[in-house]
>>> print(open('start23.pdb').read())   # PDB, C-alpha atoms and all ligand atoms
ATOM      1  CA  MET A   1      38.137 -16.021  11.063  1.00  0.00           C
ATOM      2  CA  PRO A   2      36.355 -14.855   7.926  1.00  0.00           C
ATOM      3  CA  GLY A   3      35.449 -17.419   5.319  1.00  0.00           C
ATOM      4  CA  MET A   4      37.465 -18.030   2.240  1.00  0.00           C
ATOM      5  CA  VAL A   5      36.201 -16.983  -1.156  1.00  0.00           C
ATOM      6  CA  PHE A   6      36.840 -19.252  -4.095  1.00  0.00           C
ATOM      7  CA  THR A   7      36.441 -18.572  -7.740  1.00  0.00           C
ATOM      8  CA  THR A   8      36.276 -21.557 -10.022  1.00  0.00           C
ATOM      9  CA  ARG A   9      38.020 -19.677 -12.796  1.00  0.00           C
ATOM     10  CA  PRO A  10      40.993 -21.574 -14.149  1.00  0.00           C
ATOM     11  CA  ALA A  11      43.233 -18.489 -14.356  1.00  0.00           C
ATOM     12  CA  GLY A  12      44.383 -16.200 -11.579  1.00  0.00           C
ATOM     13  CA  PRO A  13      44.533 -16.761  -7.860  1.00  0.00           C
ATOM     14  CA  ARG A  14      42.103 -19.502  -6.942  1.00  0.00           C
ATOM     15  CA  VAL A  15      41.635 -18.669  -3.307  1.00  0.00           C
ATOM     16  CA  ARG A  16      41.451 -15.318  -1.629  1.00  0.00           C
ATOM     17  CA  ARG A  17      40.925 -14.415   1.962  1.00  0.00           C
ATOM     18  CA  ALA A  18      37.635 -12.606   2.063  1.00  0.00           C
ATOM     19  CA  ALA A  19      37.326  -8.941   2.879  1.00  0.00           C
ATOM     20  CA  ARG A  20      34.617  -8.116   5.356  1.00  0.00           C
ATOM     21  CA  GLY A  21      31.823  -6.064   3.880  1.00  0.00           C
ATOM     22  CA  ARG A  22      28.620  -4.599   5.247  1.00  0.00           C
ATOM     23  CA  ARG A  23      27.235  -6.422   8.275  1.00  0.00           C
ATOM     24  CA  GLY A  24      30.383  -8.516   8.319  1.00  0.00           C
ATOM     25  CA  ALA A  25      29.406 -10.312   5.134  1.00  0.00           C
ATOM     26  CA  VAL A  26      32.148 -11.753   3.008  1.00  0.00           C
ATOM     27  CA  GLY A  27      32.800  -9.626  -0.059  1.00  0.00           C
ATOM     28  CA  ARG A  28      31.942 -10.827  -3.504  1.00  0.00           C
ATOM     29  CA  ILE A  29      34.554 -11.625  -6.078  1.00  0.00           C
ATOM     30  CA  GLY A  30      34.064 -12.737  -9.623  1.00  0.00           C
ATOM     31  CA  ALA A  31      33.152  -9.966 -12.030  1.00  0.00           C
ATOM     32  CA  TRP A  32      30.159  -9.972 -14.274  1.00  0.00           C
ATOM     33  CA  PRO A  33      31.680 -10.041 -17.763  1.00  0.00           C
ATOM     34  CA  SER A  34      31.177  -6.841 -19.717  1.00  0.00           C
ATOM     35  CA  PRO A  35      28.828  -5.869 -21.323  1.00  0.00           C
ATOM     36  CA  GLY A  36      26.373  -8.135 -19.514  1.00  0.00           C
ATOM     37  CA  ARG A  37      24.447  -7.127 -16.440  1.00  0.00           C
ATOM     38  CA  PRO A  38      23.777  -9.352 -13.473  1.00  0.00           C
ATOM     39  CA  PRO A  39      20.254 -10.689 -13.042  1.00  0.00           C
ATOM     40  CA  TYR A  40      20.303  -9.416  -9.499  1.00  0.00           C
ATOM     41  CA  GLU A  41      21.756  -5.915  -9.042  1.00  0.00           C
ATOM     42  CA  ARG A  42      24.318  -6.821  -6.427  1.00  0.00           C
ATOM     43  CA  GLY A  43      26.191  -3.587  -7.003  1.00  0.00           C
ATOM     44  CA  GLU A  44      23.241  -1.724  -5.538  1.00  0.00           C
ATOM     45  CA  THR A  45      22.365  -3.940  -2.628  1.00  0.00           C
ATOM     46  CA  THR A  46      23.822  -6.744  -0.595  1.00  0.00           C
ATOM     47  CA  ASP A  47      20.382  -7.716   0.686  1.00  0.00           C
ATOM     48  CA  VAL A  48      20.387 -11.183  -0.808  1.00  0.00           C
ATOM     49  CA  PHE A  49      19.514 -14.551   0.586  1.00  0.00           C
ATOM     50  CA  ARG A  50      22.404 -16.674   1.787  1.00  0.00           C
ATOM     51  CA  VAL A  51      22.310 -20.393   1.003  1.00  0.00           C
ATOM     52  CA  VAL A  52      24.513 -22.569   3.213  1.00  0.00           C
ATOM     53  CA  PHE A  53      25.449 -26.112   2.242  1.00  0.00           C
ATOM     54  CA  TYR A  54      26.757 -27.907   5.326  1.00  0.00           C
ATOM     55  CA  HIS A  55      29.275 -30.608   4.369  1.00  0.00           C
ATOM     56  CA  PRO A  56      28.069 -31.092   0.764  1.00  0.00           C
ATOM     57  CA  GLU A  57      29.250 -34.377  -0.711  1.00  0.00           C
ATOM     58  CA  ILE A  58      28.146 -34.659  -4.345  1.00  0.00           C
ATOM     59  CA  PRO A  59      29.883 -32.367  -6.874  1.00  0.00           C
ATOM     60  CA  PRO A  60      27.024 -31.819  -9.371  1.00  0.00           C
ATOM     61  CA  ASN A  61      24.744 -30.682  -6.548  1.00  0.00           C
ATOM     62  CA  THR A  62      27.140 -27.901  -5.588  1.00  0.00           C
ATOM     63  CA  GLY A  63      27.767 -27.177  -9.285  1.00  0.00           C
ATOM     64  CA  ASN A  64      24.059 -26.657  -9.766  1.00  0.00           C
ATOM     65  CA  ALA A  65      23.951 -24.497  -6.643  1.00  0.00           C
ATOM     66  CA  ILE A  66      26.707 -22.328  -8.171  1.00  0.00           C
ATOM     67  CA  ARG A  67      24.431 -21.932 -11.162  1.00  0.00           C
ATOM     68  CA  LEU A  68      21.526 -21.099  -8.836  1.00  0.00           C
ATOM     69  CA  SER A  69      23.646 -18.377  -7.216  1.00  0.00           C
ATOM     70  CA  ALA A  70      24.566 -16.949 -10.613  1.00  0.00           C
ATOM     71  CA  ASN A  71      20.966 -16.889 -11.796  1.00  0.00           C
ATOM     72  CA  THR A  72      19.265 -15.512  -8.720  1.00  0.00           C
ATOM     73  CA  GLY A  73      21.952 -13.447  -6.988  1.00  0.00           C
ATOM     74  CA  CYS A  74      21.863 -15.503  -3.799  1.00  0.00           C
ATOM     75  CA  GLU A  75      25.146 -16.145  -2.030  1.00  0.00           C
ATOM     76  CA  LEU A  76      26.359 -19.729  -1.719  1.00  0.00           C
ATOM     77  CA  HIS A  77      28.294 -20.626   1.450  1.00  0.00           C
ATOM     78  CA  LEU A  78      29.933 -24.038   1.681  1.00  0.00           C
ATOM     79  CA  VAL A  79      30.942 -25.421   5.071  1.00  0.00           C
ATOM     80  CA  GLU A  80      33.904 -27.809   5.064  1.00  0.00           C
ATOM     81  CA  PRO A  81      34.644 -30.637   4.823  1.00  0.00           C
ATOM     82  CA  LEU A  82      33.494 -30.823   1.210  1.00  0.00           C
ATOM     83  CA  GLY A  83      33.232 -34.141  -0.590  1.00  0.00           C
ATOM     84  CA  PHE A  84      35.079 -32.766  -3.644  1.00  0.00           C
ATOM     85  CA  GLY A  85      37.688 -30.292  -4.802  1.00  0.00           C
ATOM     86  CA  PHE A  86      37.030 -27.222  -6.900  1.00  0.00           C
ATOM     87  CA  GLU A  87      38.808 -28.907  -9.812  1.00  0.00           C
ATOM     88  CA  ASP A  88      36.210 -31.669  -9.843  1.00  0.00           C
ATOM     89  CA  LYS A  89      35.014 -32.196 -13.413  1.00  0.00           C
ATOM     90  CA  GLN A  90      31.414 -32.868 -12.455  1.00  0.00           C
ATOM     91  CA  LEU A  91      31.263 -29.756 -10.313  1.00  0.00           C
ATOM     92  CA  ARG A  92      32.739 -27.618 -13.068  1.00  0.00           C
ATOM     93  CA  ARG A  93      30.436 -29.110 -15.680  1.00  0.00           C
ATOM     94  CA  ALA A  94      27.324 -28.474 -13.575  1.00  0.00           C
ATOM     95  CA  GLY A  95      28.432 -24.892 -12.875  1.00  0.00           C
ATOM     96  CA  LEU A  96      29.530 -24.431 -16.489  1.00  0.00           C
ATOM     97  CA  ASP A  97      29.845 -20.820 -17.634  1.00  0.00           C
ATOM     98  CA  TYR A  98      28.403 -19.619 -14.357  1.00  0.00           C
ATOM     99  CA  HIS A  99      31.410 -19.605 -12.051  1.00  0.00           C
ATOM    100  CA  ASP A 100      32.288 -15.972 -12.833  1.00  0.00           C
ATOM    101  CA  LEU A 101      28.796 -14.862 -11.920  1.00  0.00           C
ATOM    102  CA  ALA A 102      28.303 -16.769  -8.714  1.00  0.00           C
ATOM    103  CA  ASP A 103      29.049 -15.603  -5.201  1.00  0.00           C
ATOM    104  CA  VAL A 104      30.651 -18.604  -3.505  1.00  0.00           C
ATOM    105  CA  HIS A 105      32.261 -18.660  -0.067  1.00  0.00           C
ATOM    106  CA  VAL A 106      33.951 -21.541   1.727  1.00  0.00           C
ATOM    107  CA  HIS A 107      34.173 -21.749   5.517  1.00  0.00           C
ATOM    108  CA  PRO A 108      36.338 -24.164   7.507  1.00  0.00           C
ATOM    109  CA  SER A 109      33.586 -24.802  10.062  1.00  0.00           C
ATOM    110  CA  LEU A 110      30.015 -23.891  10.911  1.00  0.00           C
ATOM    111  CA  GLU A 111      31.292 -21.597  13.672  1.00  0.00           C
ATOM    112  CA  ALA A 112      33.366 -19.714  11.102  1.00  0.00           C
ATOM    113  CA  ALA A 113      30.329 -19.449   8.849  1.00  0.00           C
ATOM    114  CA  TRP A 114      28.250 -18.056  11.728  1.00  0.00           C
ATOM    115  CA  GLU A 115      30.914 -15.395  12.305  1.00  0.00           C
ATOM    116  CA  THR A 116      30.334 -14.181   8.780  1.00  0.00           C
ATOM    117  CA  LEU A 117      26.589 -14.713   8.503  1.00  0.00           C
ATOM    118  CA  LEU A 118      25.111 -13.828  11.886  1.00  0.00           C
ATOM    119  CA  PRO A 119      23.117 -12.021  13.078  1.00  0.00           C
ATOM    120  CA  ALA A 120      20.418 -13.299  10.739  1.00  0.00           C
ATOM    121  CA  ASN A 121      17.419 -15.582  10.691  1.00  0.00           C
ATOM    122  CA  VAL A 122      18.581 -19.127  10.013  1.00  0.00           C
ATOM    123  CA  HIS A 123      16.062 -21.453   8.388  1.00  0.00           C
ATOM    124  CA  ALA A 124      17.299 -25.039   8.641  1.00  0.00           C
ATOM    125  CA  PHE A 125      15.809 -27.197   5.902  1.00  0.00           C
ATOM    126  CA  THR A 126      15.028 -30.745   6.909  1.00  0.00           C
ATOM    127  CA  ALA A 127      12.521 -33.347   5.798  1.00  0.00           C
ATOM    128  CA  ARG A 128      11.576 -33.517   9.510  1.00  0.00           C
ATOM    129  CA  GLY A 129      10.896 -29.781   9.773  1.00  0.00           C
ATOM    130  CA  ASP A 130       7.903 -28.512  11.727  1.00  0.00           C
ATOM    131  CA  ARG A 131       7.136 -25.498   9.505  1.00  0.00           C
ATOM    132  CA  LEU A 132       6.152 -25.399   5.841  1.00  0.00           C
ATOM    133  CA  TYR A 133       8.608 -23.458   3.687  1.00  0.00           C
ATOM    134  CA  THR A 134       5.739 -21.410   2.221  1.00  0.00           C
ATOM    135  CA  ASP A 135       4.671 -20.286   5.718  1.00  0.00           C
ATOM    136  CA  VAL A 136       8.005 -18.555   6.322  1.00  0.00           C
ATOM    137  CA  SER A 137       8.364 -14.812   5.684  1.00  0.00           C
ATOM    138  CA  TYR A 138      11.886 -14.573   4.295  1.00  0.00           C
ATOM    139  CA  ALA A 139      13.816 -11.374   4.973  1.00  0.00           C
ATOM    140  CA  PRO A 140      16.780 -10.112   2.968  1.00  0.00           C
ATOM    141  CA  ASP A 141      20.008 -11.595   4.349  1.00  0.00           C
ATOM    142  CA  ASP A 142      18.199 -14.636   5.751  1.00  0.00           C
ATOM    143  CA  VAL A 143      20.228 -17.827   5.846  1.00  0.00           C
ATOM    144  CA  LEU A 144      18.809 -20.965   4.211  1.00  0.00           C
ATOM    145  CA  LEU A 145      20.709 -23.940   5.641  1.00  0.00           C
ATOM    146  CA  PHE A 146      20.833 -27.386   4.000  1.00  0.00           C
ATOM    147  CA  GLY A 147      22.412 -30.666   5.043  1.00  0.00           C
ATOM    148  CA  PRO A 148      24.647 -33.283   3.454  1.00  0.00           C
ATOM    149  CA  GLU A 149      23.176 -35.591   0.851  1.00  0.00           C
ATOM    150  CA  SER A 150      23.726 -38.851   2.700  1.00  0.00           C
ATOM    151  CA  THR A 151      22.733 -37.931   6.233  1.00  0.00           C
ATOM    152  CA  GLY A 152      20.938 -34.571   6.307  1.00  0.00           C
ATOM    153  CA  LEU A 153      21.590 -31.990   9.023  1.00  0.00           C
ATOM    154  CA  PRO A 154      22.762 -33.617  12.264  1.00  0.00           C
ATOM    155  CA  ASP A 155      20.829 -33.009  15.473  1.00  0.00           C
ATOM    156  CA  GLU A 156      23.535 -30.744  16.893  1.00  0.00           C
ATOM    157  CA  VAL A 157      23.091 -28.408  13.908  1.00  0.00           C
ATOM    158  CA  LEU A 158      19.282 -28.613  13.923  1.00  0.00           C
ATOM    159  CA  THR A 159      19.321 -27.614  17.605  1.00  0.00           C
ATOM    160  CA  ASP A 160      22.122 -25.038  17.260  1.00  0.00           C
ATOM    161  CA  PRO A 161      21.038 -21.811  19.027  1.00  0.00           C
ATOM    162  CA  ALA A 162      21.755 -19.940  15.796  1.00  0.00           C
ATOM    163  CA  VAL A 163      18.950 -21.862  14.055  1.00  0.00           C
ATOM    164  CA  THR A 164      15.687 -19.914  14.098  1.00  0.00           C
ATOM    165  CA  GLU A 165      13.420 -22.703  12.841  1.00  0.00           C
ATOM    166  CA  ARG A 166      13.317 -26.039  11.056  1.00  0.00           C
ATOM    167  CA  VAL A 167      11.578 -25.869   7.695  1.00  0.00           C
ATOM    168  CA  GLN A 168      10.098 -28.592   5.518  1.00  0.00           C
ATOM    169  CA  LEU A 169       9.070 -28.963   1.898  1.00  0.00           C
ATOM    170  CA  PRO A 170       6.008 -31.222   1.738  1.00  0.00           C
ATOM    171  CA  MET A 171       6.394 -34.724   0.373  1.00  0.00           C
ATOM    172  CA  LEU A 172       4.259 -37.793  -0.025  1.00  0.00           C
ATOM    173  CA  PRO A 173       4.173 -40.027   3.077  1.00  0.00           C
ATOM    174  CA  THR A 174       6.309 -42.688   1.405  1.00  0.00           C
ATOM    175  CA  SER A 175       9.118 -40.238   0.510  1.00  0.00           C
ATOM    176  CA  ARG A 176      12.322 -39.800   2.486  1.00  0.00           C
ATOM    177  CA  SER A 177      13.827 -36.652   1.046  1.00  0.00           C
ATOM    178  CA  LEU A 178      14.246 -34.445  -1.991  1.00  0.00           C
ATOM    179  CA  ASN A 179      17.514 -33.758  -3.765  1.00  0.00           C
ATOM    180  CA  LEU A 180      19.657 -31.183  -1.951  1.00  0.00           C
ATOM    181  CA  THR A 181      19.867 -28.615  -4.739  1.00  0.00           C
ATOM    182  CA  ASN A 182      16.286 -29.104  -5.864  1.00  0.00           C
ATOM    183  CA  THR A 183      15.300 -28.222  -2.303  1.00  0.00           C
ATOM    184  CA  ALA A 184      17.585 -25.189  -2.239  1.00  0.00           C
ATOM    185  CA  SER A 185      16.261 -23.982  -5.604  1.00  0.00           C
ATOM    186  CA  ILE A 186      12.632 -24.239  -4.514  1.00  0.00           C
ATOM    187  CA  ALA A 187      13.430 -22.411  -1.271  1.00  0.00           C
ATOM    188  CA  VAL A 188      15.428 -19.613  -2.942  1.00  0.00           C
ATOM    189  CA  TYR A 189      12.732 -19.025  -5.529  1.00  0.00           C
ATOM    190  CA  GLU A 190      10.050 -18.885  -2.839  1.00  0.00           C
ATOM    191  CA  ALA A 191      12.108 -16.362  -0.855  1.00  0.00           C
ATOM    192  CA  TRP A 192      12.852 -14.310  -3.978  1.00  0.00           C
ATOM    193  CA  ARG A 193       9.201 -14.499  -5.108  1.00  0.00           C
ATOM    194  CA  GLN A 194       8.022 -13.092  -1.782  1.00  0.00           C
ATOM    195  CA  HIS A 195      10.010  -9.941  -2.570  1.00  0.00           C
ATOM    196  CA  GLY A 196       8.834  -9.665  -6.188  1.00  0.00           C
ATOM    197  CA  PHE A 197      12.048 -11.023  -7.739  1.00  0.00           C
ATOM    198  CA  PRO A 198      14.051  -7.800  -7.237  1.00  0.00           C
ATOM    199  CA  GLY A 199      16.772  -7.341  -9.828  1.00  0.00           C
ATOM    200  CA  ALA A 200      15.432 -10.040 -12.156  1.00  0.00           C
ATOM    201  CA  ARG A 201      15.404  -9.477 -15.916  1.00  0.00           C
ATOM    202  CA  PRO A 202      11.937  -8.289 -16.957  1.00  0.00           C
ATOM    203  CA  THR A 203       9.742 -10.979 -18.467  1.00  0.00           C
ATOM    204  CA  GLY A 204       9.951 -11.035 -22.255  1.00  0.00           C
ATOM    205  CA  ALA A 205      13.263  -9.151 -22.304  1.00  0.00           C
TER     206      ALA A 205
HETATM  207  C1  LIG B   1      19.193 -35.560   0.214  1.00  0.00           C
HETATM  208  S1  LIG B   1      18.704 -34.655   1.600  1.00  0.00           S
HETATM  209  C2  LIG B   1      19.331 -35.595   2.954  1.00  0.00           C
HETATM  210  C3  LIG B   1      18.724 -36.933   3.077  1.00  0.00           C
HETATM  211  C4  LIG B   1      19.098 -37.646   4.338  1.00  0.00           C
HETATM  212  N1  LIG B   1      19.208 -39.050   4.064  1.00  0.00           N
HETATM  213  C5  LIG B   1      18.056 -37.413   5.398  1.00  0.00           C
HETATM  214  O1  LIG B   1      17.342 -38.355   5.736  1.00  0.00           O
HETATM  215  O2  LIG B   1      17.941 -36.299   5.918  1.00  0.00           O
HETATM  216  C6  LIG B   1      19.806 -33.302   1.630  1.00  0.00           C
HETATM  217  C7  LIG B   1      19.221 -32.063   2.227  1.00  0.00           C
HETATM  218  O3  LIG B   1      18.157 -31.586   1.418  1.00  0.00           O
HETATM  219  C8  LIG B   1      17.223 -30.911   2.228  1.00  0.00           C
HETATM  220  N2  LIG B   1      15.917 -31.563   2.055  1.00  0.00           N
HETATM  221  C9  LIG B   1      15.629 -32.678   1.346  1.00  0.00           C
HETATM  222  N3  LIG B   1      14.318 -32.933   1.389  1.00  0.00           N
HETATM  223  C10 LIG B   1      13.755 -31.971   2.137  1.00  0.00           C
HETATM  224  C11 LIG B   1      12.411 -31.666   2.530  1.00  0.00           C
HETATM  225  N4  LIG B   1      11.381 -32.414   2.173  1.00  0.00           N
HETATM  226  N5  LIG B   1      12.198 -30.577   3.302  1.00  0.00           N
HETATM  227  C12 LIG B   1      13.217 -29.771   3.684  1.00  0.00           C
HETATM  228  N6  LIG B   1      14.514 -30.023   3.335  1.00  0.00           N
HETATM  229  C13 LIG B   1      14.765 -31.097   2.572  1.00  0.00           C
HETATM  230  C14 LIG B   1      17.717 -30.967   3.638  1.00  0.00           C
HETATM  231  O4  LIG B   1      18.448 -29.796   3.941  1.00  0.00           O
HETATM  232  C15 LIG B   1      18.619 -32.172   3.600  1.00  0.00           C
HETATM  233  O5  LIG B   1      19.583 -32.115   4.615  1.00  0.00           O
END
>>> encode(input="start23.pdb", output="structure tokens")
Amino acid sequence: MPGMVFTTRPAGPRVRRAARGRRGAVGRIGAWPSPGRPPYERGETTDVFRVVFYHPEIPPNTGNAIRLSANTGCELHLVEPLGFGFEDKQLRRAGLDYHDLADVHVHPSLEAAWETLLPANVHAFTARGDRLYTDVSYAPDDVLLFGPESTGLPDEVLTDPAVTERVQLPMLPTSRSLNLTNTASIAVYEAWRQHGFPGARPTGA
């Protein structure tokens, strides 16, 4: 079953069943408001990184990830259960003014998400990863998978056959973990940087 696409716009239908697009990806909804232009030219390519939040719990983290999607052109896929509703004030405040520009998909399970996202490389981000995030060569359409705030990715997800590798951001020995969306932002920018920030507004413009 394809994932569900949500807009966080207050007006209009809030939930739409997604149409399948190229490579089975879920289609984007949410129009860039005229006369603006998106920072990432999604009309010309669907080769964008896909961020997956597995069971996210804290609304502002997902709100900030919505903003990350709007600013970089990455897709955001949320795997249920979610620890909040889309009416959540903190989520809406964190994603303020960005919900129309973001590409957000909600899936009822990880299996449903895989149906939409695979085949693709899946980089599972964990503080116990065995590969540095800067040593990964990210390809367009790669999946960057992140775990819930309180527990991280469970072992059954980390060892899921769909997962290509387990990736770590370095930390000091006394640290336990970084914030979920800080981690996702660093990873998305590294992946985007490796490709020369395609679609980004020119510097100074
Ligand atoms: C707040 S952390 C989860 C903390 C959880 N208590 C644990 O021990 O895994 C939420 C998510 O951020 C990502 N993350 C946090 N720190 C990371 C790091 N140093 N390297 C890679 N991913 C990290 C992981 O995807 C993690 O599941």
>>> resolve_selection(input="start23.pdb", expression="the PyMOL selection byres (((chain A and resi 92-95) around 9) and not hetatm)", output="PDB file with C-alpha atoms, in the frame of the given file")
ATOM      1  CA  THR A   8      36.276 -21.557 -10.022  1.00  0.00           C
ATOM      2  CA  PRO A  59      29.883 -32.367  -6.874  1.00  0.00           C
ATOM      3  CA  PRO A  60      27.024 -31.819  -9.371  1.00  0.00           C
ATOM      4  CA  ASN A  61      24.744 -30.682  -6.548  1.00  0.00           C
ATOM      5  CA  THR A  62      27.140 -27.901  -5.588  1.00  0.00           C
ATOM      6  CA  GLY A  63      27.767 -27.177  -9.285  1.00  0.00           C
ATOM      7  CA  ASN A  64      24.059 -26.657  -9.766  1.00  0.00           C
ATOM      8  CA  ALA A  65      23.951 -24.497  -6.643  1.00  0.00           C
ATOM      9  CA  ILE A  66      26.707 -22.328  -8.171  1.00  0.00           C
ATOM     10  CA  ARG A  67      24.431 -21.932 -11.162  1.00  0.00           C
ATOM     11  CA  LEU A  68      21.526 -21.099  -8.836  1.00  0.00           C
ATOM     12  CA  PHE A  86      37.030 -27.222  -6.900  1.00  0.00           C
ATOM     13  CA  GLU A  87      38.808 -28.907  -9.812  1.00  0.00           C
ATOM     14  CA  ASP A  88      36.210 -31.669  -9.843  1.00  0.00           C
ATOM     15  CA  LYS A  89      35.014 -32.196 -13.413  1.00  0.00           C
ATOM     16  CA  GLN A  90      31.414 -32.868 -12.455  1.00  0.00           C
ATOM     17  CA  LEU A  91      31.263 -29.756 -10.313  1.00  0.00           C
ATOM     18  CA  LEU A  96      29.530 -24.431 -16.489  1.00  0.00           C
ATOM     19  CA  ASP A  97      29.845 -20.820 -17.634  1.00  0.00           C
ATOM     20  CA  TYR A  98      28.403 -19.619 -14.357  1.00  0.00           C
ATOM     21  CA  HIS A  99      31.410 -19.605 -12.051  1.00  0.00           C
TER      22      HIS A  99
END
>>> atom_distance(input="start23.pdb", atom1="atom CA of A:Phe53", atom2="atom CA of A:Phe197")
22.5 Å
>>> atom_distance(input="start23.pdb", atom1="atom C7 of ligand LIG 1 (chain B)", atom2="atom CA of A:Asp100")
25.6 Å
>>> closest_residue(input="start23.pdb", among="A:Pro119, A:Gly129, A:Gly152, A:Gly204", to="A:Gln168", atoms="only C-alpha atoms")
A:Gly129
>>> resolve_selection(input="start23.pdb", expression="the PyMOL selection byres (((not hetatm)) within 6 of (chain B and resi 1))", output="PyMOL selection string")
chain A and resi 125-127+146-153+167-171+177-180+183
>>> closest_residue(input="start23.pdb", among="A:Ser109, A:Arg166, A:Val143, A:Glu156", to="A:Arg131", atoms="all atoms listed in the file")
A:Arg166
>>> resolve_selection(input="start23.pdb", expression="the PyMOL selection byres (((chain A and resi 71) around 9) and not hetatm)", output="tab-separated table (two decimals) with C-alpha atoms, keeping the file's coordinate frame")
chain	number	residue	atom	x	y	z
A	38	PRO	CA	23.78	-9.35	-13.47
A	39	PRO	CA	20.25	-10.69	-13.04
A	40	TYR	CA	20.30	-9.42	-9.50
A	66	ILE	CA	26.71	-22.33	-8.17
A	67	ARG	CA	24.43	-21.93	-11.16
A	68	LEU	CA	21.53	-21.10	-8.84
A	69	SER	CA	23.65	-18.38	-7.22
A	70	ALA	CA	24.57	-16.95	-10.61
A	72	THR	CA	19.26	-15.51	-8.72
A	73	GLY	CA	21.95	-13.45	-6.99
A	74	CYS	CA	21.86	-15.50	-3.80
A	98	TYR	CA	28.40	-19.62	-14.36
A	101	LEU	CA	28.80	-14.86	-11.92
A	102	ALA	CA	28.30	-16.77	-8.71
A	200	ALA	CA	15.43	-10.04	-12.16
>>> closest_residue(input="start23.pdb", among="A:Glu111, A:Asp141, A:Asp135, A:Asp103", to="A:Ala162", atoms="only C-alpha atoms")
A:Glu111
>>> build_atoms(input="start23.pdb", residues="stretch 194-205 of chain A", atoms="N, CA and C atoms", output="PDB file, in the frame of the given file")
ATOM      1  N   GLN A 194       8.701 -13.895  -2.810  1.00  0.00           N
ATOM      2  CA  GLN A 194       8.022 -13.092  -1.782  1.00  0.00           C
ATOM      3  C   GLN A 194       8.404 -11.625  -1.851  1.00  0.00           C
ATOM      4  N   HIS A 195       9.543 -11.337  -2.456  1.00  0.00           N
ATOM      5  CA  HIS A 195      10.010  -9.941  -2.570  1.00  0.00           C
ATOM      6  C   HIS A 195       9.808  -9.393  -3.977  1.00  0.00           C
ATOM      7  N   GLY A 196       9.121 -10.146  -4.836  1.00  0.00           N
ATOM      8  CA  GLY A 196       8.834  -9.665  -6.188  1.00  0.00           C
ATOM      9  C   GLY A 196      10.001  -9.818  -7.146  1.00  0.00           C
ATOM     10  N   PHE A 197      10.888 -10.758  -6.880  1.00  0.00           N
ATOM     11  CA  PHE A 197      12.048 -11.023  -7.739  1.00  0.00           C
ATOM     12  C   PHE A 197      12.862  -9.755  -8.020  1.00  0.00           C
ATOM     13  N   PRO A 198      13.295  -9.029  -6.994  1.00  0.00           N
ATOM     14  CA  PRO A 198      14.051  -7.800  -7.237  1.00  0.00           C
ATOM     15  C   PRO A 198      15.319  -8.080  -8.038  1.00  0.00           C
ATOM     16  N   GLY A 199      15.557  -7.223  -9.029  1.00  0.00           N
ATOM     17  CA  GLY A 199      16.772  -7.341  -9.828  1.00  0.00           C
ATOM     18  C   GLY A 199      16.662  -8.295 -11.000  1.00  0.00           C
ATOM     19  N   ALA A 200      15.554  -9.046 -11.084  1.00  0.00           N
ATOM     20  CA  ALA A 200      15.432 -10.040 -12.156  1.00  0.00           C
ATOM     21  C   ALA A 200      15.211  -9.331 -13.499  1.00  0.00           C
ATOM     22  N   ARG A 201      15.650  -9.985 -14.567  1.00  0.00           N
ATOM     23  CA  ARG A 201      15.404  -9.477 -15.916  1.00  0.00           C
ATOM     24  C   ARG A 201      13.899  -9.419 -16.142  1.00  0.00           C
ATOM     25  N   PRO A 202      13.383  -8.349 -16.731  1.00  0.00           N
ATOM     26  CA  PRO A 202      11.937  -8.289 -16.957  1.00  0.00           C
ATOM     27  C   PRO A 202      11.469  -9.441 -17.846  1.00  0.00           C
ATOM     28  N   THR A 203      10.261  -9.903 -17.630  1.00  0.00           N
ATOM     29  CA  THR A 203       9.742 -10.979 -18.467  1.00  0.00           C
ATOM     30  C   THR A 203       9.663 -10.480 -19.917  1.00  0.00           C
ATOM     31  N   GLY A 204      10.007 -11.353 -20.826  1.00  0.00           N
ATOM     32  CA  GLY A 204       9.951 -11.035 -22.255  1.00  0.00           C
ATOM     33  C   GLY A 204      11.181 -10.312 -22.765  1.00  0.00           C
ATOM     34  N   ALA A 205      12.071  -9.913 -21.866  1.00  0.00           N
ATOM     35  CA  ALA A 205      13.263  -9.151 -22.304  1.00  0.00           C
ATOM     36  C   ALA A 205      14.362 -10.108 -22.770  1.00  0.00           C
TER      37      ALA A 205
END
